[in-house]
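Q: Input file: my_file-v2.pdb. Contents: PDB, C-alpha atoms, pLDDT in the B column.
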```pdb
MODEL        1
ATOM      1  CA  MET A  29      -2.813  15.655 -22.008  1.00 57.00           C
ATOM      2  CA  SER A  30       0.889  15.729 -21.226  1.00 65.00           C
ATOM      3  CA  ASP A  31       2.593  12.803 -19.528  1.00 69.00           C
ATOM      4  CA  HIS A  32       5.247  15.158 -18.069  1.00 80.00           C
ATOM      5  CA  GLY A  33       7.951  12.809 -19.352  1.00 83.00           C
ATOM      6  CA  HIS A  34       6.867   9.882 -17.161  1.00 84.00           C
ATOM      7  CA  GLU A  35       5.560   6.478 -18.103  1.00 86.00           C
ATOM      8  CA  LEU A  36       1.979   5.737 -17.113  1.00 88.00           C
ATOM      9  CA  LEU A  37       1.790   3.362 -14.130  1.00 91.00           C
ATOM     10  CA  PHE A  38      -1.163   1.234 -13.060  1.00 95.00           C
ATOM     11  CA  GLY A  39      -1.876   0.095  -9.546  1.00 96.00           C
ATOM     12  CA  ALA A  40      -4.318  -1.005  -6.898  1.00 96.00           C
ATOM     13  CA  PHE A  41      -5.720   0.812  -3.866  1.00 96.00           C
ATOM     14  CA  ILE A  42      -6.014  -2.013  -1.328  1.00 95.00           C
ATOM     15  CA  THR A  43      -7.995  -1.694   1.895  1.00 94.00           C
ATOM     16  CA  PRO A  44      -5.800  -3.107   4.701  1.00 95.00           C
ATOM     17  CA  SER A  45      -8.570  -4.933   6.557  1.00 95.00           C
ATOM     18  CA  ASN A  46      -7.411  -6.790   9.642  1.00 95.00           C
ATOM     19  CA  ALA A  47     -10.263  -9.305   9.307  1.00 95.00           C
ATOM     20  CA  ALA A  48      -8.210 -11.361   6.851  1.00 91.00           C
ATOM     21  CA  PRO A  49      -4.558 -10.211   6.831  1.00 93.00           C
ATOM     22  CA  GLN A  50      -3.404 -12.940   4.443  1.00 95.00           C
ATOM     23  CA  GLN A  51      -6.076 -11.862   1.947  1.00 96.00           C
ATOM     24  CA  VAL A  52      -4.463  -8.416   1.817  1.00 96.00           C
ATOM     25  CA  VAL A  53      -1.097  -9.988   0.979  1.00 96.00           C
ATOM     26  CA  GLN A  54      -2.701 -12.320  -1.582  1.00 97.00           C
ATOM     27  CA  THR A  55      -4.381  -9.338  -3.237  1.00 97.00           C
ATOM     28  CA  VAL A  56      -1.039  -7.574  -3.631  1.00 97.00           C
ATOM     29  CA  ARG A  57       0.554 -10.726  -5.027  1.00 97.00           C
ATOM     30  CA  ALA A  58      -2.342 -11.065  -7.491  1.00 98.00           C
ATOM     31  CA  ALA A  59      -1.838  -7.434  -8.535  1.00 98.00           C
ATOM     32  CA  GLU A  60       1.851  -8.142  -9.093  1.00 98.00           C
ATOM     33  CA  ASP A  61       1.083 -11.315 -11.054  1.00 97.00           C
ATOM     34  CA  ALA A  62      -1.376  -9.325 -13.195  1.00 98.00           C
ATOM     35  CA  GLY A  63       1.436  -6.933 -14.125  1.00 97.00           C
ATOM     36  CA  LEU A  64       0.359  -3.911 -12.082  1.00 98.00           C
ATOM     37  CA  ASP A  65       3.112  -1.504 -11.115  1.00 97.00           C
ATOM     38  CA  LEU A  66       1.933  -0.240  -7.738  1.00 97.00           C
ATOM     39  CA  ALA A  67      -0.037  -1.273  -4.647  1.00 97.00           C
ATOM     40  CA  THR A  68      -1.043   1.271  -2.019  1.00 96.00           C
ATOM     41  CA  PHE A  69      -2.597   1.049   1.440  1.00 94.00           C
ATOM     42  CA  GLN A  70      -4.536   3.731   3.265  1.00 91.00           C
ATOM     43  CA  ASP A  71      -2.996   4.845   6.549  1.00 90.00           C
ATOM     44  CA  HIS A  72      -5.556   5.327   9.314  1.00 87.00           C
ATOM     45  CA  PRO A  73      -3.781   4.424  12.596  1.00 85.00           C
ATOM     46  CA  TYR A  74      -6.876   5.269  14.620  1.00 88.00           C
ATOM     47  CA  GLN A  75      -9.015   2.797  12.614  1.00 91.00           C
ATOM     48  CA  PRO A  76      -9.045  -0.468  14.595  1.00 93.00           C
ATOM     49  CA  ASN A  77     -10.313  -2.476  11.602  1.00 96.00           C
ATOM     50  CA  PHE A  78      -7.175  -1.773   9.539  1.00 95.00           C
ATOM     51  CA  LEU A  79      -3.691  -3.251   9.716  1.00 95.00           C
ATOM     52  CA  ASP A  80      -0.833  -0.890  10.544  1.00 92.00           C
ATOM     53  CA  THR A  81       0.259   0.532   7.196  1.00 91.00           C
ATOM     54  CA  TRP A  82       3.994   0.742   7.885  1.00 88.00           C
ATOM     55  CA  THR A  83       4.231  -2.793   9.240  1.00 93.00           C
ATOM     56  CA  LEU A  84       2.126  -4.046   6.332  1.00 95.00           C
ATOM     57  CA  LEU A  85       4.384  -2.328   3.778  1.00 95.00           C
ATOM     58  CA  SER A  86       7.417  -4.090   5.247  1.00 94.00           C
ATOM     59  CA  TYR A  87       5.715  -7.478   5.316  1.00 96.00           C
ATOM     60  CA  VAL A  88       4.316  -7.213   1.785  1.00 97.00           C
ATOM     61  CA  ALA A  89       7.699  -6.039   0.462  1.00 97.00           C
ATOM     62  CA  ALA A  90       9.208  -9.284   1.740  1.00 96.00           C
ATOM     63  CA  ARG A  91       6.471 -11.328   0.008  1.00 96.00           C
ATOM     64  CA  THR A  92       6.647  -9.676  -3.435  1.00 96.00           C
ATOM     65  CA  ASP A  93       9.303  -9.318  -6.113  1.00 96.00           C
ATOM     66  CA  ARG A  94       8.855  -6.189  -8.210  1.00 97.00           C
ATOM     67  CA  ILE A  95       5.650  -4.289  -7.430  1.00 98.00           C
ATOM     68  CA  HIS A  96       6.113  -0.815  -5.917  1.00 97.00           C
ATOM     69  CA  LEU A  97       4.422  -0.198  -2.561  1.00 97.00           C
ATOM     70  CA  SER A  98       3.240   2.981  -0.902  1.00 93.00           C
ATOM     71  CA  GLY A  99       1.046   4.328   1.827  1.00 91.00           C
ATOM     72  CA  ASN A 100      -1.684   6.747   0.834  1.00 88.00           C
ATOM     73  CA  VAL A 101      -4.228   8.872   2.665  1.00 82.00           C
ATOM     74  CA  LEU A 102      -1.445   9.393   5.209  1.00 83.00           C
ATOM     75  CA  SER A 103      -2.438  10.640   8.649  1.00 79.00           C
ATOM     76  CA  LEU A 104      -0.127  13.644   8.762  1.00 80.00           C
ATOM     77  CA  PRO A 105      -0.895  14.708  12.362  1.00 83.00           C
ATOM     78  CA  LEU A 106       0.173  11.244  13.509  1.00 82.00           C
ATOM     79  CA  ARG A 107       3.024  10.745  11.017  1.00 82.00           C
ATOM     80  CA  PRO A 108       5.643  13.502  11.385  1.00 82.00           C
ATOM     81  CA  PRO A 109       8.063  14.143   8.487  1.00 84.00           C
ATOM     82  CA  ALA A 110      10.868  12.103  10.057  1.00 84.00           C
ATOM     83  CA  VAL A 111       8.608   9.037  10.231  1.00 77.00           C
ATOM     84  CA  LEU A 112       7.448   9.452   6.633  1.00 77.00           C
ATOM     85  CA  ALA A 113      11.025   9.910   5.405  1.00 77.00           C
TER      86      ALA A 113
ENDMDL
END
```
Let me see the structure of the file written as structure tokens.
A:
Amino acid sequence: MSDHGHELLFGAFITPSNAAPQQVVQTVRAAEDAGLDLATFQDHPYQPNFLDTWTLLSYVAARTDRIHLSGNVLSLPLRPPAVLA
């Protein structure tokens, strides 16, 4: 299988549960400490049990040093291209 000229990255798909917001941040920090390259959060703005993905990305970015962050499962009808850019 070709790698298409890219290095293989490893990451974590983290559920942004609002029941324990600090646990979400601690999970990302643990992923970073473990040497993972990426942490992602699902974006479901209509799901009241989840933290807001875009606010969470900003907060986690301020609490980490090198791990890459991204939203995934983006809600395209609610996130127009200008917002995603």
Q: Give one line per residue of segment 35-70 of chain A that approaches segment 89-104 of chain A to at most 6 Å, naming the two atoms of the closest pair and their distance in Å to one decimal, counting all atoms listed in the file; sort by chain then ascending residue number and deliver it as a Markdown table.
A:
```
| residue | atom | partner | partner_atom | distance |
| --- | --- | --- | --- | --- |
| A:Glu60 | CA | A:Ile95 | CA | 5.7 |
| A:Asp65 | CA | A:Ile95 | CA | 5.3 |
| A:Leu66 | CA | A:His96 | CA | 4.6 |
| A:Ala67 | CA | A:Leu97 | CA | 5.0 |
| A:Thr68 | CA | A:Ser98 | CA | 4.7 |
| A:Phe69 | CA | A:Gly99 | CA | 4.9 |
| A:Gln70 | CA | A:Asn100 | CA | 4.8 |
```
Q: What does the structure give for the distance between atom CA of Ser45 of chain A and atom CA of Asn77 of chain A, in Å to one decimal?
A: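 Value for the atom CA of Ser45 of chain A-atom CA of Asn77 of chain A distance: 5.9 Å.
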Q: Give as a PDB file with C-alpha atoms, in the coordinates of the input the residues that the PyMOL selection byres ((chain A and resi 44) around 9) matches when applied to the coordinates above.
A:
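Ended up saving to expr.pdb:
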```pdb
ATOM      1  CA  ILE A  42      -6.014  -2.013  -1.328  1.00 95.00           C
ATOM      2  CA  THR A  43      -7.995  -1.694   1.895  1.00 94.00           C
ATOM      3  CA  SER A  45      -8.570  -4.933   6.557  1.00 95.00           C
ATOM      4  CA  ASN A  46      -7.411  -6.790   9.642  1.00 95.00           C
ATOM      5  CA  ALA A  47     -10.263  -9.305   9.307  1.00 95.00           C
ATOM      6  CA  ALA A  48      -8.210 -11.361   6.851  1.00 91.00           C
ATOM      7  CA  PRO A  49      -4.558 -10.211   6.831  1.00 93.00           C
ATOM      8  CA  VAL A  52      -4.463  -8.416   1.817  1.00 96.00           C
ATOM      9  CA  PHE A  69      -2.597   1.049   1.440  1.00 94.00           C
ATOM     10  CA  GLN A  70      -4.536   3.731   3.265  1.00 91.00           C
ATOM     11  CA  ASP A  71      -2.996   4.845   6.549  1.00 90.00           C
ATOM     12  CA  ASN A  77     -10.313  -2.476  11.602  1.00 96.00           C
ATOM     13  CA  PHE A  78      -7.175  -1.773   9.539  1.00 95.00           C
ATOM     14  CA  LEU A  79      -3.691  -3.251   9.716  1.00 95.00           C
ATOM     15  CA  ASP A  80      -0.833  -0.890  10.544  1.00 92.00           C
ATOM     16  CA  THR A  81       0.259   0.532   7.196  1.00 91.00           C
ATOM     17  CA  LEU A  84       2.126  -4.046   6.332  1.00 95.00           C
TER      18      LEU A  84
END
```
Q: Padding of 6 Å on every side, edges along x, y and z, all listed atoms of segment 83-86 of chain A included: what centre and edge lengths in Å, to one decimal, does that box have, as lines of an AutoDock Vina configuration file?
A:
```
center_x = 4.8
center_y = -3.2
center_z = 6.5
size_x = 17.3
size_y = 13.8
size_z = 17.5
```
Q: One decimal, Å: what's the distance from atom CA of Gly39 of chain A over to atom CA of Ala59 of chain A, could you say?
A: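 It comes out at 7.6 Å.
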